[in-house]
Structures are given as structure tokens and as C-alpha cells.
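Structure file final.csv (CSV, N, CA and C atoms) follows.
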chain,number,residue,atom,x,y,z
A,3,MET,N,0.6,-14.5,16.1
A,3,MET,CA,1.8,-14.9,15.4
A,3,MET,C,2.0,-13.9,14.2
A,4,ASN,N,3.2,-13.3,14.2
A,4,ASN,CA,3.6,-12.4,13.1
A,4,ASN,C,4.1,-13.2,11.9
A,5,SER,N,3.7,-12.8,10.7
A,5,SER,CA,4.2,-13.4,9.5
A,5,SER,C,5.5,-12.7,9.1
A,6,GLY,N,6.4,-13.4,8.5
A,6,GLY,CA,7.6,-12.8,8.1
A,6,GLY,C,7.5,-12.2,6.7
A,7,PRO,N,8.6,-11.6,6.2
A,7,PRO,CA,8.6,-11.1,4.8
A,7,PRO,C,8.3,-12.1,3.7
A,8,LYS,N,8.7,-13.3,3.9
A,8,LYS,CA,8.5,-14.4,2.9
A,8,LYS,C,7.0,-14.6,2.8
A,9,ASP,N,6.3,-14.6,3.9
A,9,ASP,CA,4.8,-14.8,3.9
A,9,ASP,C,4.1,-13.6,3.3
A,10,LEU,N,4.6,-12.4,3.6
A,10,LEU,CA,4.0,-11.2,3.1
A,10,LEU,C,4.1,-11.2,1.5
A,11,TYR,N,5.3,-11.6,1.0
A,11,TYR,CA,5.5,-11.5,-0.4
A,11,TYR,C,4.9,-12.7,-1.1
A,12,ALA,N,4.5,-13.8,-0.4
A,12,ALA,CA,3.9,-14.9,-1.0
A,12,ALA,C,2.4,-14.7,-1.1
A,13,ALA,N,1.8,-13.7,-0.4
A,13,ALA,CA,0.4,-13.4,-0.4
A,13,ALA,C,-0.1,-13.1,-1.8
A,14,PRO,N,-1.1,-13.7,-2.3
A,14,PRO,CA,-1.6,-13.4,-3.6
A,14,PRO,C,-2.2,-12.0,-3.7
A,15,LEU,N,-2.0,-11.4,-4.9
A,15,LEU,CA,-2.6,-10.1,-5.1
A,15,LEU,C,-3.9,-10.3,-5.9
A,16,ASP,N,-4.9,-10.9,-5.2
A,16,ASP,CA,-6.1,-11.2,-5.9
A,16,ASP,C,-7.3,-10.4,-5.3
A,17,GLY,N,-7.0,-9.4,-4.6
A,17,GLY,CA,-8.1,-8.5,-4.0
A,17,GLY,C,-8.4,-7.4,-4.9
A,18,THR,N,-9.0,-6.3,-4.4
A,18,THR,CA,-9.4,-5.2,-5.2
A,18,THR,C,-8.5,-4.0,-4.8
A,19,TRP,N,-7.9,-3.4,-5.8
A,19,TRP,CA,-7.1,-2.2,-5.6
A,19,TRP,C,-8.0,-1.0,-5.4
A,20,THR,N,-7.6,-0.2,-4.4
A,20,THR,CA,-8.4,1.0,-4.0
A,20,THR,C,-7.5,2.2,-4.3
A,21,LYS,N,-8.0,3.2,-5.0
A,21,LYS,CA,-7.3,4.4,-5.3
A,21,LYS,C,-7.2,5.3,-4.1
A,22,SER,N,-6.1,5.9,-3.9
A,22,SER,CA,-5.9,6.8,-2.8
A,22,SER,C,-6.8,8.0,-2.9
A,23,SER,N,-7.3,8.5,-1.8
A,23,SER,CA,-8.2,9.6,-1.8
A,23,SER,C,-7.4,10.9,-2.1
A,24,TYR,N,-6.1,10.9,-2.0
A,24,TYR,CA,-5.3,12.0,-2.3
A,24,TYR,C,-4.9,12.1,-3.8
A,25,SER,N,-5.2,11.1,-4.6
A,25,SER,CA,-4.9,11.1,-6.0
A,25,SER,C,-5.9,12.0,-6.7
A,26,PRO,N,-5.4,12.7,-7.8
A,26,PRO,CA,-6.2,13.7,-8.5
A,26,PRO,C,-7.3,13.1,-9.3
A,27,GLY,N,-8.5,13.6,-9.2
A,27,GLY,CA,-9.6,13.3,-10.1
A,27,GLY,C,-9.7,11.9,-10.6
A,28,ASP,N,-10.1,11.8,-11.9
A,28,ASP,CA,-10.2,10.5,-12.5
A,28,ASP,C,-9.0,10.1,-13.4
A,29,GLY,N,-7.9,10.9,-13.2
A,29,GLY,CA,-6.8,10.6,-14.0
A,29,GLY,C,-6.1,9.3,-13.7
A,30,PRO,N,-5.1,9.0,-14.5
A,30,PRO,CA,-4.4,7.7,-14.4
A,30,PRO,C,-3.3,7.7,-13.3
A,31,ASP,N,-3.0,8.9,-12.8
A,31,ASP,CA,-1.9,9.0,-11.9
A,31,ASP,C,-2.4,8.9,-10.5
A,32,CYS,N,-2.2,7.7,-9.9
A,32,CYS,CA,-2.6,7.5,-8.5
A,32,CYS,C,-1.8,6.4,-7.8
A,33,VAL,N,-1.9,6.5,-6.5
A,33,VAL,CA,-1.4,5.4,-5.7
A,33,VAL,C,-2.6,4.5,-5.3
A,34,GLU,N,-2.4,3.2,-5.4
A,34,GLU,CA,-3.4,2.3,-5.1
A,34,GLU,C,-3.0,1.3,-4.0
A,35,ILE,N,-3.9,0.9,-3.2
A,35,ILE,CA,-3.6,0.0,-2.1
A,35,ILE,C,-4.5,-1.2,-2.0
A,36,MET,N,-4.0,-2.3,-1.6
A,36,MET,CA,-4.8,-3.5,-1.5
A,36,MET,C,-4.5,-4.2,-0.2
A,37,ARG,N,-5.5,-4.7,0.5
A,37,ARG,CA,-5.4,-5.4,1.7
A,37,ARG,C,-4.9,-6.8,1.3
A,38,ILE,N,-3.9,-7.4,1.9
A,38,ILE,CA,-3.4,-8.7,1.7
A,38,ILE,C,-3.2,-9.4,3.0
A,39,SER,N,-3.0,-10.7,3.0
A,39,SER,CA,-2.8,-11.4,4.2
A,39,SER,C,-1.5,-10.9,4.9
A,40,GLY,N,-1.7,-10.4,6.1
A,40,GLY,CA,-0.5,-9.9,6.9
A,40,GLY,C,-0.2,-8.5,6.7
A,41,GLY,N,-0.8,-7.8,5.8
A,41,GLY,CA,-0.5,-6.4,5.5
A,41,GLY,C,-1.2,-5.8,4.4
A,42,PHE,N,-0.4,-4.9,3.6
A,42,PHE,CA,-1.0,-4.2,2.5
A,42,PHE,C,0.0,-4.2,1.4
A,43,ALA,N,-0.6,-4.1,0.1
A,43,ALA,CA,0.2,-3.9,-1.1
A,43,ALA,C,0.0,-2.5,-1.6
A,44,VAL,N,1.0,-1.9,-2.1
A,44,VAL,CA,0.9,-0.5,-2.7
A,44,VAL,C,1.5,-0.5,-4.0
A,45,ARG,N,0.9,0.2,-5.0
A,45,ARG,CA,1.4,0.3,-6.3
A,45,ARG,C,1.1,1.7,-6.9
A,46,ASP,N,1.9,2.0,-8.0
A,46,ASP,CA,1.7,3.3,-8.7
A,46,ASP,C,1.0,2.9,-10.0
A,47,SER,N,-0.2,3.4,-10.1
A,47,SER,CA,-1.1,3.0,-11.3
A,47,SER,C,-0.5,3.4,-12.6
A,48,LYS,N,0.3,4.5,-12.6
A,48,LYS,CA,0.8,4.9,-13.9
A,48,LYS,C,2.1,4.2,-14.3
A,49,ASN,N,2.6,3.4,-13.4
A,49,ASN,CA,3.9,2.6,-13.7
A,49,ASN,C,3.8,1.2,-13.1
A,50,LEU,N,2.9,0.4,-13.6
A,50,LEU,CA,2.6,-0.9,-13.1
A,50,LEU,C,3.9,-1.8,-13.2
A,51,ALA,N,4.7,-1.5,-14.2
A,51,ALA,CA,5.9,-2.3,-14.4
A,51,ALA,C,6.9,-2.2,-13.2
A,52,ALA,N,6.7,-1.1,-12.5
A,52,ALA,CA,7.6,-0.9,-11.3
A,52,ALA,C,7.4,-1.9,-10.2
A,53,GLY,N,6.2,-2.6,-10.3
A,53,GLY,CA,5.9,-3.6,-9.3
A,53,GLY,C,5.1,-3.1,-8.1
A,54,VAL,N,5.1,-3.9,-7.1
A,54,VAL,CA,4.3,-3.7,-5.9
A,54,VAL,C,5.1,-3.7,-4.6
A,55,LEU,N,4.9,-2.7,-3.7
A,55,LEU,CA,5.5,-2.7,-2.4
A,55,LEU,C,4.6,-3.4,-1.4
A,56,ARG,N,5.1,-4.1,-0.5
A,56,ARG,CA,4.2,-4.7,0.5
A,56,ARG,C,4.7,-4.3,1.9
A,57,PHE,N,3.8,-4.0,2.8
A,57,PHE,CA,4.1,-3.6,4.1
A,57,PHE,C,3.3,-4.4,5.1
A,58,PRO,N,3.9,-4.8,6.2
A,58,PRO,CA,3.2,-5.4,7.3
A,58,PRO,C,2.2,-4.5,7.9
A,59,ASP,N,1.2,-5.1,8.6
A,59,ASP,CA,0.1,-4.3,9.2
A,59,ASP,C,0.7,-3.2,10.2
A,60,GLY,N,1.7,-3.6,11.0
A,60,GLY,CA,2.2,-2.6,12.0
A,60,GLY,C,2.8,-1.4,11.3
A,61,GLU,N,3.6,-1.6,10.2
A,61,GLU,CA,4.2,-0.5,9.5
A,61,GLU,C,3.1,0.4,8.9
A,62,MET,N,2.1,-0.2,8.3
A,62,MET,CA,1.0,0.7,7.7
A,62,MET,C,0.3,1.5,8.8
A,63,ARG,N,0.1,0.9,10.0
A,63,ARG,CA,-0.6,1.6,11.1
A,63,ARG,C,0.3,2.8,11.5
A,64,ARG,N,1.6,2.6,11.6
A,64,ARG,CA,2.5,3.7,12.0
A,64,ARG,C,2.5,4.8,10.9
A,65,PHE,N,2.5,4.4,9.7
A,65,PHE,CA,2.5,5.3,8.6
A,65,PHE,C,1.2,6.1,8.6
A,66,GLY,N,0.1,5.5,8.8
A,66,GLY,CA,-1.2,6.2,8.9
A,66,GLY,C,-1.3,7.1,10.0
A,67,ARG,N,-0.8,6.7,11.2
A,67,ARG,CA,-0.7,7.7,12.4
A,67,ARG,C,0.1,8.9,12.1
A,68,SER,N,1.3,8.6,11.4
A,68,SER,CA,2.2,9.7,11.0
A,68,SER,C,1.5,10.7,10.1
A,69,LEU,N,0.8,10.2,9.1
A,69,LEU,CA,0.0,11.1,8.2
A,69,LEU,C,-1.0,11.9,8.9
A,70,ALA,N,-1.7,11.2,9.8
A,70,ALA,CA,-2.8,11.8,10.5
A,70,ALA,C,-2.3,13.0,11.4
A,71,ALA,N,-1.0,12.8,11.9
A,71,ALA,CA,-0.4,13.8,12.8
A,71,ALA,C,0.2,14.9,12.0
A,72,GLY,N,0.1,14.8,10.7
A,72,GLY,CA,0.6,15.9,9.8
A,72,GLY,C,2.1,15.8,9.4
A,73,HIS,N,2.7,14.6,9.7
A,73,HIS,CA,4.2,14.5,9.3
A,73,HIS,C,4.3,14.2,7.9
A,74,ARG,N,5.3,14.8,7.3
A,74,ARG,CA,5.5,14.6,5.8
A,74,ARG,C,7.0,14.2,5.6
A,75,ALA,N,7.2,13.5,4.5
A,75,ALA,CA,8.6,13.2,4.1
A,75,ALA,C,9.3,14.4,3.7
A,76,ARG,N,10.6,14.5,4.0
A,76,ARG,CA,11.4,15.7,3.6
A,76,ARG,C,12.4,15.3,2.6
Produce C-alpha cells that represent the structure in this file.
Amino acid sequence: MNSGPKDLYAAPLDGTWTKSSYSPGDGPDCVEIMRISGGFAVRDSKNLAAGVLRFPDGEMRRFGRSLAAGHRAR
């Protein structure tokens, strides 16, 4: 059963944020990701006031495959 956007945005952000391996060193500028029910939450650690984006599992899998294939945003 697929959960809808309401369910994804209702999922609590009570997990552990993980820093992207592409973020520089120990500095504050990084993208962080957290596994949530039905998908993933993503935030910018240097701008927490900007909020959190949430993506369903399928979208994150497609995004990961695209990165692995070397595709980049233009």
C-alpha cells in the first residue's frame, strides 16, 4: 500500500539526521537526510528555518539511480 503526501508529511521527524557524504569536511554547510515512514526527509543544515522536504521512497530511489549514473541538474 502506498502512502500519500498527507501521510508522508504527517510522519514525525524523530529519527537521526545523517550528513551527506558530499558535504565539505566538518563545516556547517551540508545537506542532511533522515529516513521517515514512507520515505525520506531532507534539510539544509545551514538554513533550518527553510524547513524540510519530504520524498516518497520511489522518488528517492530514482534520484539515487540518477546520481549513480552520473546525471546532474542543469
Å distance separating atom N of A:Asn49 from atom CA of A:Thr18, one decimal place: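 Interatomic distance, atom N of A:Asn49 to atom CA of A:Thr18: 16.9 Å.
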Length of the atom C of A:Met62 to atom C of A:Phe42 vector [Å]: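 Spanning atom C of A:Met62 to atom C of A:Phe42 is a straight-line distance of 9.3 Å.
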Point-to-point distance from atom CA of A:Gly72 to atom CA of A:Arg45, Å rounded to tenths: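 It comes out at 22.4 Å.
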Best match for closeness to A:Phe57 among A:Met36, A:Ala12, A:Ser22, A:Gly41, counting only N, CA and C atoms: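 Distance minimum relative to A:Phe57 lands on A:Gly41.
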Pick from A:Cys32, A:Ile38, A:Leu50, A:Val44 nearest to A:Pro14, counting only N, CA and C atoms: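 Closest residue, counting only N, CA and C atoms: A:Ile38.
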Polymer residues at most 5 Å from (5.0, -8.6, -0.6) by only N, CA and C atoms, as an MDAnalysis selection string: chainID A and resid 10:11 56
Nearest to A:Gly60, chosen from A:Gly40, A:Ser47, A:Trp19, A:His73, with only C-alpha atoms counted in the distances: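 The answer is A:Gly40, which sits nearest to A:Gly60.
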